[in-house]
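Student: Dropping a structure here in structure tokens format, bear with me for questions.
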Amino acid sequence: MLTTFLLLPLAGVLMIAFLPKHREQDARVIALVVALLAFAVSLVAFAMFDRTAEGYQFVDRFEWIRASDVGFGVQYIVGVDGLSLPMIVLTGLLSVAAILVSFGVTLRTREYFIWLLVLETSVAGVFLSLDLIQFFLFWELELVPMYLLISIWGSGHKEYSAMKFLLYTIGGSALMLVGFLLLGLKAGTFEIAVLTEAPPTETLLPLAVIFWFIIGAFLVKLPVFPLHTWLPDAHTDAPTAVSVMLAGVLLKMGGYGILRIVLPIMPQQAQQFGMVLATLAGFSVIYGALITLRQRDLKRVVAYSSVSHMGYVLLGISALGAVGLNGAALQMFTHGTITGLLFIMVGLIYDRAHTRQIADLSGLMHRMPLIGTVLVITGFAALGLPGLSGFVAELTVFLGTLEVHPVATIAAVFGVVLGAGYILWTVQRVLAGPPNERWAHLTDADKWWEHTAMAGMLVAIVLVGVYPRILTDVVSGGIAPIAAILGGGS
Amino acid sequence: MNPLEITLGHYLVVSGIVFGLGIAIALSKRNAIAVLMGIELMLNAVNLTFVAFSRFGSAFGPEPTQPLVGHVFVVFVLTVAAAEAAVALAMAVLVYRRRETVDLDRINLMRW
Amino acid sequence: MPTIPEAAVWAIYFVPLVTGALCATAFRRTPLLAGRAMITAMFVAWLLALWTLQTVIGHHGEAIGFDPITWVHLGDIPIQFGARVDGLTAVMLVVVTSVGLLVQVYSTEYMRGDGGYYRYFAYMGLFCSSMLGLVLASSLLQLFIFWELVGASSYLLIGFWFHRPSAAAAAKKAFIVTRFGDFGFFLGVLLVWVSAGTYDMATLNEHATELSAAALTGISLGLFSGAVGKSAQFPLHIWLPDAMEGPTPVSALIHAATMVAAGVYLIARMFPLFQAAPENVHMFIATIGGITALLAASIGVVSTDIKRVLAYSTVSQLGYMVMALGLGGYVAAIFHLFTHAFFKALLFLGSGSVNHASGTFDMRKMGGLRSHMPITFWTFVIGSLSLSGVFPLAGFWSKDEILATAYEANPIFFGITVLVAFLTAFYMFRAIFLTFFGTYQGGEASEHGHSSHPHESPMSMAGPLLILAVPAIAVGWVNLDGSFGHFIEAALPEAVRQGHHEPVALVMAISTVAALSGIAVATAIYFAKMPASASIRSKLGPLPGIIERKYFMDDLAEDILVRKVLYGGIAQACELFDRYVVDGIVNGIGWAARMKGEVLRRTIVGQQQAYSSLLLAGVLVAVVVLFALSGAGLER
Amino acid sequence: MNFGDANYLGPAITLFAGAGVVLGADVFTDRRAPARTLALLTILAAALCAVAQAMWGPTEVGYGGIIRSDAFSSFFTFLLLAITAAVLTASGGGLQRVAQAGEFYALVLVSTASMVVLAQAQELITIFVAIETTSVCQFILAGLARDDRSAEAGLKYLLTGAVSAAVLLYGFAFLFGLAGSTNLEDIATVIAGAPEGGRLAIIAAFVMVAAGLGFKMALVPFQAWVPDVYQGAPTPVTTFLSAASKAAGFAVTLRIFYTGLGGGDSFVATQWAMMFALFAAVSMTFGNLAAIQQTNVKRLLGYSSIAQAGNIAVGLAAVASGSTLGPSAVLFFLGTYAATNVGAFICVIVVSSRVGSDDLRDYAGLLKRSPGVALVLSLCLLSLTGIPPTAGFLAKLYVFNAAVQTGHVWMVALVIVGVLNTAISAFYYLRWARIMLLDEPREATTFMPSGTVGGLLTLAALAVLFFGVNPTPLIDIARRAAATLL
Amino acid sequence: MTSIGITIAFYALSGLSIGAAVAVFLTRNLLHAVIFVILAFIGMAGLFVTLSADFLAVSQVMIYAGAISVLLVFAVMLTPYASRDNGNSLFAPVGVLVGLGFAALIGFVATQVAWPVFSGSDLEAQNFTGTVRTIGGALLGGYALPFELASVLLLAALVGAIALVREDER
């Protein structure tokens, strides 16, 4: 079943690749259909998922590289637990949304959707992989589509940004690979479950070093100060759909990696460096929020706010307790939907006004009430308004961390106040004010795909906000074993 | 090392000196043909080593059954040196035709 | 009537919510229907609230609990939400639904013709349901959630006329300033979980004394911080006057009767926990309340905008309540909250009616409206008298309880209360004289467009004024025998109940004197013009100027703290650091790699001998290194 | 000489004979013979011989102990034949600068044959003569275009090669002096006795040998000729050098260091492992950093080739007692690298024959001008970078894993250098890909590679993808081949 | 104990080779350099004789002093403008340093390593006579393959050299 999820987009890629040139526009339909099918698969998995059972479900496996006698046995294993399942649903949802908001793309349409689908497969592969090398493979695989999507269909300094994204990720993951190899050395396998079962104790380099090698890559992806400067550039110059995917799921790969790999396999080191992580997290939250206040470009606002918001993920992780980890997992999901939608909204505005400079925009609410309303709601979600999903996640994170890292938590809670500041200020500047002559020709969101994308994301945001158990009941099952390894509850 | 007792070491030292001189010539001279001379000297030095080992050398291990292998090696080195010299000459002539020089410090169209 | 079922209680919450949602969607094209739907919804809610009240009275104010539902699991521990109905809740429900209902009726006329008519009622629905949810909450977290939602709907309503930059800015200011308070509230909420492990407020109150002093201090200061923000206490009061940019019915409902009272309600709800906290906390709360009351009243004296006068008056009265709570006057505070809701709503609606007539809130442009709009005038006077605490109107009784509490507690606080009572009466009658007496100064185009010459408002606006005038007069009498007090004290655990205070005659006398003298001074200055206000002003030196600048509080907060320190200072420093240091290092690494590459590239100089040299030197170096390593014994 | 032993050398003899036929036909038909077809037929025949040899041939030493026919030599025989076949197939368009087509094909065949012998040789004299034969052919090939750059490349290559040969020879001389024999098995016997007294000589000897072979492998500091020669030589020749010559260099290095010096069980194993680690680290860093600013694609690929040599040499440094994991990694890497690099170079051949330039800027918008070429080249560049799902990713992974498996901390340091270099290399490889895929073309003319070359490109791309997705067969072959080294 | 004749011959011939090589390095005239290099080759041939490698000595004289030197002279003659100059390039200091380094390295290894050598009667037994037969046997016996390979090499060099310098037909 999960392999189907990985293969569906690739099937779409093949179909699009053989599409005749004059039917280029059909590429988007094909892409949409396969993405919807994949999303449906993820929903089926979500529905069929046994919330009470331990361990991975829907596992597919075969031995991929048969050389385990020389320490290079690599398996193809996919499976989900409560941690990865929401990420898969998120990937499915955001891919659909990303494809929907890309319906207006006319430049090299076929290639565009091919890369978008490849991106979906690679990201989903990261979430589904249960073997370190396979994980790494998908991790690297995602670079190519991202690089091309940003540098072909982006704007501004797109080539600089794409390259920066690429080099940051490769640079970060380079040492991660070393860490993986060192972890797999003694065990002779790279299977995560086996390594979790019996974490390596004697390694060639001190485990502390390996810890930083591996988590370094995840901190880049997350991103956390001071490894974050690729993010604003990449977001700013990426096309809307890519920003959606980047903020929505790619950043989550970092948090997911820490939860899936770093914590279970190196619990002692995690405990040892929990304080450092918490400090980084708390600082990132405030730092990101403060810089967000200063941004003049809408996308940079959202991008820097991501730095701030992903700090919560790391904060939740750093407490190393069940509640905090739950919060981190929740925050990953909710940030994915919220920021994804924010980028969609910014994209819709940009499609119409052809500028993202806040100073140029004003009074848009008069011309585009629907976009404005959705933007406000999403903004509320982003600033942690209860009833929308962001609040649940933040609350859970803070509940998990207050006792362990009080200072970092207080800093992070203050980040919420700053969040209200930058979001409302932006909303005020962009939407409010007297009707602006310059934008009198703009239209509201009027295409069905725009409506569908917004609606789908809003449903996810409100649903989780009002009834978080739909998510937490699944997540906590995935978190429990990790928390148990780390030494019980919070 | 007794200076009067001529041993393997003596020959090796001479070989080393000639090899070093060959290197010095090969690296110092502008003219490609002079460089070639240096290289030939280096090969000669190696030949001396082979012959000296053949003459004096035993082995760490079972004794060699064919001590004259060193000589055989030298024969091949001579052959190869001749072949290389021929090709080098041709190459030098070719370069000279195109560039009117065989000075290596002027043959640097391609660099960096 | 039978005991109210749980579903009906929840319906109080859901009916306005669903109606609001319908207004936003189904009634977009038929805005008039939206207004009527909202009125109906509020009427239903009001009836249900009365039913609830009746049921609770049947239980003598004791709580009716319902089974909670699990909202989310934290690890293994469930966080549960539910409804809890007791005396306090019932009273609040009635206040909110009654004022809410009247405000909806009033709004249908007041907002007539506005382009965002349906939007207005959608927001109203959201607000009312959130406020009712806040009141119904049985869990502190649930309360916090609705607290935030109330804030959000307040934001939407203040910024309703988003095309006016001042409205948009005021909305943002309101939200962010209250968020500062909520920062503390949120921490308090987190601390509750960490130290008590439950959010059920009844349980928390029951076992408050079992918590450590540090935890209690932290929690109560945190919760109080939330109250400071929401109830516009010093120093976070600065948002409320600006919030008057919203439509006037909104001000009446949210910024007078309901939302701003939520802070007081929160403290009252968690009163046992506050009581368990150390004494210093109480003093702190009372002091903040006292400062707020005095500060706001003094600004009210110099304000020229009728709505701002009322706004400062609200701040001042809320300060009263908070002070009372700090001094242990649970009943006094709630009683005042109860009465205040009616007469302040009345006053706000009255000011809206005035605006409807004159098109302005600037009192200097009004005058002489008494003859044009008698209903408005008389109801306004009733409200003012009630607010000033004139016997036997509602305000008199509730204010008297607060004065009595202060009298018993501390002479300084008592002095403050008396002074504030004087100032209150003074500024209210100053407003009356400026607005309704003298000659009409011309007005302005109204806040939603149609220019006007003064006239009485239509019945849908005047009606609510008349209706509200009744409770403004009479509602104080419910506690003559202390039954109201008993009723709401039933919400508290036995240990914290205080029982009924006998009215203190001396306090009543002083209060009445203060009020009457305030009225008298106002009459002298603004009606009789015996000393003209200008001459008094000149005698007071710089003081009026300072007060008119609101003690520089807004300047300090907005210009210095936010604009200069935060935005221009810290945030800019971070931004520059990010751009030039963090990103600079990144780009520097890239540059260094390129440069190093360039240098390495230049080693391929093009001359063949360089290549041989490199090769041979490489051999030499490698041999020497390996000899050295070998000699150093690294081989094993 | 016993001609019964000829079945050890079937492929090589076939190639030599084929070279003679090509040359003879060229002379006797007044340069109108279909030299390329003849050469390809020769390779086909040699391949058939190689198959026969692998299936039914001898598996032990022969020719008086100087030649082996084993899985290792078979691996390289097939690899070299495949590379040569690809180069010859693709060289049609790239030979405009080479007037003497007959000589070109003959020399390529001779060079290949010598390398096949080299892969089989386990005796120093044979190794030396084979190396020199293939080298001399390559010197000539590099100069065969006979223009300014080509001649310069030939001369530089020759002189540097001669110096490196002298150094190699000195190393051989020392080995001979220590063992009294030129046979690797005899040398192995001596080394197995761990003669401490000869340690210094052994170290000096293997450094010199490594220098001579490092010249072929293009390892720093023996690499300096690479950029100039790659740039100046006719592109098919560059292709040949970058894949075949390098592979042969690694083959003979493995043979000498494993069969001769005893692999991981040698008493100097740590020393030579460290030496290769050093060379590998320096090569990767130098190659990648120096490539960043390159604008000539052949030169760029030259620097890239140095860096890749460093990557492969990580496998050489991955020495562990009784293990051939390192060699198998080298073999796997070489196999995938051959497909990748030949694919890339064939693209360069196609482009430079149509566009007439090796400047990076002239690759702008190649996607619009020749989509197939652009895609294959991009895929090859991805593989060179080591990005999945290409073979290059797994090759790097395999090599790095082999290094870690040795269990030495300094090998981990080497791997760290390696992975960081991957990040650097991404910069220039992907910049090139971006220029092709994204930039606007300078000219609008479109072109297609010929049918055969197109097929070749498809084959290369499929190989790069196939080994990236299903590496196990190649890994198995590489492991079997490496196992015969000890 | 080496015979004194051998000792004298060794020093004299070594001196000749080394001196001639130094002269090659020092002389400014390329033709002189060729003559000096021939001298060095001859000195080497003498040293071979002292090592009882008679066949190699003869080969040395024929191939190096004869054939290769003639090639060198031809090369000088074919490139007349460059022929008189034997100047140093910028790399001369490097060359001298590296040369010295190698000489020192080889000297160090030569003297520090306890080479496995025959001594006494075993050494005497190594006093080859008539090496030609043995070498010839080896070349056509065990070393037939490199021998054939060398012939291919010579052929390839011949063909290649012609291909490189041949005038274009067109």
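Letters A, B, ... mark the chains of the structure tokens in the order given; residue numbers begin at 1 per chain; ligand numbers begin at 1, in order shown.
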With the cut-off set at 6 Å and counting only C-alpha atoms, tabulate each residue of chain C with an atom at most that distance from an atom of chain B, showing the nearest atom pair and its distance in Å to one decimal, ordered by chain and increasing number, as CSV.
Tutor:
residue,atom,partner,partner_atom,distance
C:Arg601,CA,B:Trp112,CA,5.0
C:Arg602,CA,B:Trp112,CA,5.0
C:Ile604,CA,B:Trp112,CA,5.1
C:Val605,CA,B:Arg111,CA,5.3
C:Gly606,CA,B:Arg111,CA,4.2
C:Gln607,CA,B:Asp105,CA,5.4
C:Gln609,CA,B:Leu27,CA,5.1
Student: Report as a ChimeraX atom specification all protein, DNA and RNA residues lying within 9 Å of E:Ile135, evaluated on only C-alpha atoms, omitting residues in the same chain fewer than 6 positions from it.
Tutor: /B:68-69,71-72,75 /E:55
Student: Can I get the selected residues back with N, CA and C atoms, as a JSON list (two decimals), in the first residue's frame?
Tutor:
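Everything below was put into again.json:
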[["chain", "number", "residue", "atom", "x", "y", "z"],
["B", 68, "LEU", "N", 69.29, -13.21, -12.98],
["B", 68, "LEU", "CA", 69.48, -12.36, -14.15],
["B", 68, "LEU", "C", 68.22, -11.65, -14.59],
["B", 69, "VAL", "N", 67.16, -11.81, -13.84],
["B", 69, "VAL", "CA", 65.93, -11.09, -14.18],
["B", 69, "VAL", "C", 66.19, -9.60, -14.23],
["B", 71, "HIS", "N", 68.80, -8.18, -15.28],
["B", 71, "HIS", "CA", 69.34, -7.87, -16.61],
["B", 71, "HIS", "C", 68.23, -7.85, -17.65],
["B", 72, "VAL", "N", 67.34, -8.82, -17.53],
["B", 72, "VAL", "CA", 66.25, -8.85, -18.48],
["B", 72, "VAL", "C", 65.43, -7.55, -18.40],
["B", 75, "VAL", "N", 67.05, -4.82, -20.21],
["B", 75, "VAL", "CA", 66.86, -4.90, -21.66],
["B", 75, "VAL", "C", 65.55, -4.23, -22.05],
["E", 55, "PHE", "N", 76.70, -8.19, -21.47],
["E", 55, "PHE", "CA", 75.74, -7.98, -22.55],
["E", 55, "PHE", "C", 75.07, -6.62, -22.43]]
Student: Using only C-alpha atoms, which residue out of E:Leu39, E:Val113, E:Val159, E:Ile106 lies closest to chain B?
Tutor: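 Among E:Leu39, E:Val113, E:Val159, E:Ile106, it is E:Ile106 that comes nearest to chain B.
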Student: Smallest atom-to-atom distance to D:Ser150: which of B:Val13, B:Leu78, B:Val102, B:Val95, using only C-alpha atoms?
Tutor: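 Looking only at the distances to D:Ser150, the closest residue turns out to be B:Val95.
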Student: With a distance threshold of 6 Å and counting only C-alpha atoms, extract the residues of chain C near chain A and express them as a PDB file with all heavy atoms, in the first residue's frame.
Tutor:
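Result went into result26.pdb, see below:
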ATOM      1  N   VAL C  72      -8.237  16.226  23.976  1.00  0.00           N
ATOM      2  CA  VAL C  72      -6.967  15.767  23.439  1.00  0.00           C
ATOM      3  C   VAL C  72      -6.255  15.004  24.545  1.00  0.00           C
ATOM      4  O   VAL C  72      -6.470  15.256  25.742  1.00  0.00           O
ATOM      5  CB  VAL C  72      -6.125  16.951  22.936  1.00  0.00           C
ATOM      6  CG1 VAL C  72      -5.671  17.835  24.059  1.00  0.00           C
ATOM      7  CG2 VAL C  72      -4.918  16.478  22.145  1.00  0.00           C
ATOM      8  N   LEU C  74      -2.697  14.205  26.230  1.00  0.00           N
ATOM      9  CA  LEU C  74      -1.299  14.618  26.308  1.00  0.00           C
ATOM     10  C   LEU C  74      -0.541  13.439  26.878  1.00  0.00           C
ATOM     11  O   LEU C  74      -0.613  13.173  28.074  1.00  0.00           O
ATOM     12  CB  LEU C  74      -1.131  15.814  27.229  1.00  0.00           C
ATOM     13  CG  LEU C  74      -1.634  17.122  26.670  1.00  0.00           C
ATOM     14  CD1 LEU C  74      -1.391  18.225  27.647  1.00  0.00           C
ATOM     15  CD2 LEU C  74      -0.956  17.422  25.355  1.00  0.00           C
ATOM     16  N   GLY C  75       0.179  12.761  26.012  1.00  0.00           N
ATOM     17  CA  GLY C  75       0.737  11.512  26.480  1.00  0.00           C
ATOM     18  C   GLY C  75      -0.428  10.605  26.808  1.00  0.00           C
ATOM     19  O   GLY C  75      -1.216  10.263  25.940  1.00  0.00           O
ATOM     20  N   ILE C 145      -9.063  29.129  25.695  1.00  0.00           N
ATOM     21  CA  ILE C 145      -9.344  29.031  24.268  1.00  0.00           C
ATOM     22  C   ILE C 145     -10.390  30.064  23.860  1.00  0.00           C
ATOM     23  O   ILE C 145     -10.198  30.836  22.905  1.00  0.00           O
ATOM     24  CB  ILE C 145      -9.818  27.609  23.926  1.00  0.00           C
ATOM     25  CG1 ILE C 145      -8.635  26.661  24.008  1.00  0.00           C
ATOM     26  CG2 ILE C 145     -10.474  27.558  22.569  1.00  0.00           C
ATOM     27  CD1 ILE C 145      -9.003  25.212  23.855  1.00  0.00           C
ATOM     28  N   PHE C 162     -12.176  48.367   8.068  1.00  0.00           N
ATOM     29  CA  PHE C 162     -10.740  48.229   7.837  1.00  0.00           C
ATOM     30  C   PHE C 162     -10.207  49.253   6.863  1.00  0.00           C
ATOM     31  O   PHE C 162      -9.028  49.448   6.747  1.00  0.00           O
ATOM     32  CB  PHE C 162     -10.435  46.812   7.340  1.00  0.00           C
ATOM     33  CG  PHE C 162     -11.157  46.457   6.071  1.00  0.00           C
ATOM     34  CD1 PHE C 162     -10.649  46.855   4.854  1.00  0.00           C
ATOM     35  CD2 PHE C 162     -12.353  45.746   6.108  1.00  0.00           C
ATOM     36  CE1 PHE C 162     -11.309  46.539   3.687  1.00  0.00           C
ATOM     37  CE2 PHE C 162     -13.017  45.445   4.942  1.00  0.00           C
ATOM     38  CZ  PHE C 162     -12.499  45.845   3.726  1.00  0.00           C
ATOM     39  N   HIS C 163     -11.119  49.906   6.120  1.00  0.00           N
ATOM     40  CA  HIS C 163     -10.629  50.913   5.178  1.00  0.00           C
ATOM     41  C   HIS C 163     -10.110  52.139   5.891  1.00  0.00           C
ATOM     42  O   HIS C 163      -9.422  52.962   5.306  1.00  0.00           O
ATOM     43  CB  HIS C 163     -11.717  51.283   4.166  1.00  0.00           C
ATOM     44  CG  HIS C 163     -12.992  51.763   4.820  1.00  0.00           C
ATOM     45  ND1 HIS C 163     -13.153  53.047   5.230  1.00  0.00           N
ATOM     46  CD2 HIS C 163     -14.120  51.095   5.154  1.00  0.00           C
ATOM     47  CE1 HIS C 163     -14.356  53.178   5.781  1.00  0.00           C
ATOM     48  NE2 HIS C 163     -14.957  51.992   5.749  1.00  0.00           N
ATOM     49  N   ARG C 164     -10.492  52.272   7.174  1.00  0.00           N
ATOM     50  CA  ARG C 164      -9.925  53.392   7.934  1.00  0.00           C
ATOM     51  C   ARG C 164      -8.629  52.929   8.575  1.00  0.00           C
ATOM     52  O   ARG C 164      -8.641  52.043   9.426  1.00  0.00           O
ATOM     53  CB  ARG C 164     -10.902  53.829   9.022  1.00  0.00           C
ATOM     54  CG  ARG C 164     -12.130  54.521   8.484  1.00  0.00           C
ATOM     55  CD  ARG C 164     -12.721  55.402   9.521  1.00  0.00           C
ATOM     56  NE  ARG C 164     -13.037  54.676  10.742  1.00  0.00           N
ATOM     57  CZ  ARG C 164     -14.151  54.872  11.442  1.00  0.00           C
ATOM     58  NH1 ARG C 164     -15.040  55.755  11.031  1.00  0.00           N
ATOM     59  NH2 ARG C 164     -14.367  54.203  12.536  1.00  0.00           N
ATOM     60  N   PRO C 165      -7.511  53.510   8.209  1.00  0.00           N
ATOM     61  CA  PRO C 165      -6.239  53.053   8.787  1.00  0.00           C
ATOM     62  C   PRO C 165      -6.276  53.065  10.315  1.00  0.00           C
ATOM     63  O   PRO C 165      -5.699  52.184  10.954  1.00  0.00           O
ATOM     64  CB  PRO C 165      -5.230  54.056   8.247  1.00  0.00           C
ATOM     65  CG  PRO C 165      -5.847  54.574   7.008  1.00  0.00           C
ATOM     66  CD  PRO C 165      -7.334  54.553   7.212  1.00  0.00           C
ATOM     67  N   ALA C 168      -7.938  49.903  11.544  1.00  0.00           N
ATOM     68  CA  ALA C 168      -7.083  48.725  11.378  1.00  0.00           C
ATOM     69  C   ALA C 168      -5.983  48.731  12.430  1.00  0.00           C
ATOM     70  O   ALA C 168      -5.667  47.708  13.035  1.00  0.00           O
ATOM     71  CB  ALA C 168      -6.487  48.708   9.977  1.00  0.00           C
ATOM     72  N   LYS C 172      -5.376  46.014  15.543  1.00  0.00           N
ATOM     73  CA  LYS C 172      -4.105  45.334  15.755  1.00  0.00           C
ATOM     74  C   LYS C 172      -3.570  45.622  17.146  1.00  0.00           C
ATOM     75  O   LYS C 172      -3.130  44.723  17.865  1.00  0.00           O
ATOM     76  CB  LYS C 172      -3.104  45.824  14.706  1.00  0.00           C
ATOM     77  CG  LYS C 172      -1.752  45.194  14.823  1.00  0.00           C
ATOM     78  CD  LYS C 172      -0.733  45.963  14.019  1.00  0.00           C
ATOM     79  CE  LYS C 172      -0.545  47.337  14.589  1.00  0.00           C
ATOM     80  NZ  LYS C 172       0.433  48.145  13.877  1.00  0.00           N
ATOM     81  N   ARG C 179      -2.550  40.403  23.860  1.00  0.00           N
ATOM     82  CA  ARG C 179      -1.673  39.236  23.740  1.00  0.00           C
ATOM     83  C   ARG C 179      -0.524  39.305  24.738  1.00  0.00           C
ATOM     84  O   ARG C 179      -0.059  38.282  25.230  1.00  0.00           O
ATOM     85  CB  ARG C 179      -1.078  39.168  22.343  1.00  0.00           C
ATOM     86  CG  ARG C 179      -1.881  38.324  21.423  1.00  0.00           C
ATOM     87  CD  ARG C 179      -1.228  36.973  21.281  1.00  0.00           C
ATOM     88  NE  ARG C 179      -2.210  35.988  20.928  1.00  0.00           N
ATOM     89  CZ  ARG C 179      -1.918  34.771  20.482  1.00  0.00           C
ATOM     90  NH1 ARG C 179      -0.683  34.403  20.356  1.00  0.00           N
ATOM     91  NH2 ARG C 179      -2.874  33.929  20.205  1.00  0.00           N
ATOM     92  N   LEU C 190       0.020  27.034  31.488  1.00  0.00           N
ATOM     93  CA  LEU C 190       1.006  25.947  31.406  1.00  0.00           C
ATOM     94  C   LEU C 190       1.433  25.525  32.809  1.00  0.00           C
ATOM     95  O   LEU C 190       1.571  24.341  33.119  1.00  0.00           O
ATOM     96  CB  LEU C 190       2.222  26.413  30.611  1.00  0.00           C
ATOM     97  CG  LEU C 190       1.972  26.781  29.158  1.00  0.00           C
ATOM     98  CD1 LEU C 190       3.240  27.340  28.533  1.00  0.00           C
ATOM     99  CD2 LEU C 190       1.508  25.570  28.379  1.00  0.00           C
ATOM    100  N   ALA C 571      14.971  44.329  16.718  1.00  0.00           N
ATOM    101  CA  ALA C 571      14.651  43.592  15.493  1.00  0.00           C
ATOM    102  C   ALA C 571      15.595  43.975  14.371  1.00  0.00           C
ATOM    103  O   ALA C 571      16.055  43.121  13.616  1.00  0.00           O
ATOM    104  CB  ALA C 571      13.204  43.852  15.078  1.00  0.00           C
ATOM    105  N   GLU C 575      18.084  41.661  12.288  1.00  0.00           N
ATOM    106  CA  GLU C 575      18.029  41.550  10.839  1.00  0.00           C
ATOM    107  C   GLU C 575      19.402  41.797  10.222  1.00  0.00           C
ATOM    108  O   GLU C 575      19.856  41.057   9.349  1.00  0.00           O
ATOM    109  CB  GLU C 575      17.011  42.548  10.279  1.00  0.00           C
ATOM    110  CG  GLU C 575      16.703  42.284   8.832  1.00  0.00           C
ATOM    111  CD  GLU C 575      16.076  43.469   8.143  1.00  0.00           C
ATOM    112  OE1 GLU C 575      16.102  44.576   8.721  1.00  0.00           O
ATOM    113  OE2 GLU C 575      15.568  43.296   7.032  1.00  0.00           O
ATOM    114  N   ASP C 583      24.469  35.232   7.277  1.00  0.00           N
ATOM    115  CA  ASP C 583      24.508  34.975   5.847  1.00  0.00           C
ATOM    116  C   ASP C 583      25.864  35.358   5.272  1.00  0.00           C
ATOM    117  O   ASP C 583      26.340  34.747   4.321  1.00  0.00           O
ATOM    118  CB  ASP C 583      23.389  35.756   5.151  1.00  0.00           C
ATOM    119  CG  ASP C 583      22.850  35.001   3.949  1.00  0.00           C
ATOM    120  OD1 ASP C 583      22.978  33.765   3.938  1.00  0.00           O
ATOM    121  OD2 ASP C 583      22.321  35.647   3.051  1.00  0.00           O
TER     122      ASP C 583
END
Student: Excluding D:Ala280 and its own-chain neighbours fewer than 2 positions away, which residues fall within 6 Å of it when counting only C-alpha atoms? Please give them as an mmCIF file with C-alpha atoms, in the first residue's frame.
Tutor:
data_model
loop_
_atom_site.group_PDB
_atom_site.id
_atom_site.type_symbol
_atom_site.label_atom_id
_atom_site.label_comp_id
_atom_site.auth_asym_id
_atom_site.auth_seq_id
_atom_site.Cartn_x
_atom_site.Cartn_y
_atom_site.Cartn_z
ATOM 1 C CA PHE D 276 46.397 6.432 -0.352
ATOM 2 C CA ALA D 277 44.195 8.137 2.185
ATOM 3 C CA LEU D 278 46.409 11.180 1.905
ATOM 4 C CA VAL D 282 44.169 15.826 -1.464
ATOM 5 C CA SER D 283 42.855 14.688 -4.832
ATOM 6 C CA GLY D 310 40.327 10.723 -5.178
ATOM 7 C CA ALA D 313 41.274 6.016 -4.039
ATOM 8 C CA VAL D 314 39.273 6.072 -0.834
#
Student: What are the residues of chain D lining chain A at 8 Å or less? Count only C-alpha atoms, and put the answer as a list in words.
Tutor: Leu325, Ile387, Pro388, Pro389, Tyr398, Asn401, Val404, Gln405, Gly407, His408, Val409, Val412, Val415, Ile416, Val419, Leu420, Thr422, Ala423, Ile424, Ala426, Phe427, Arg434, Leu438, Asn470, Pro471, Thr472, Ile475 and Asp476 of chain D
Student: Residues of chain B that approach chain D to 6 Å or less, counting only C-alpha atoms: could you list each one with the shortest pair of atoms and its distance in Å to one decimal, rows by chain and increasing residue number, as a tab-separated table?
Tutor:
residue	atom	partner	partner_atom	distance
B:Leu43	CA	D:Ala166	CA	5.6
B:Val46	CA	D:Tyr170	CA	5.6
B:Phe50	CA	D:Ala173	CA	5.7
B:Phe53	CA	D:Gly177	CA	5.3
B:Ser58	CA	D:Gly180	CA	5.9
B:Ala59	CA	D:Ala179	CA	4.6
B:Phe60	CA	D:Val190	CA	5.6
B:Gly61	CA	D:Val190	CA	5.1
B:Pro64	CA	D:Gly180	CA	5.1
B:Met91	CA	D:Leu155	CA	5.9
B:Val95	CA	D:Ala151	CA	5.7
B:Met110	CA	D:Asp228	CA	5.6
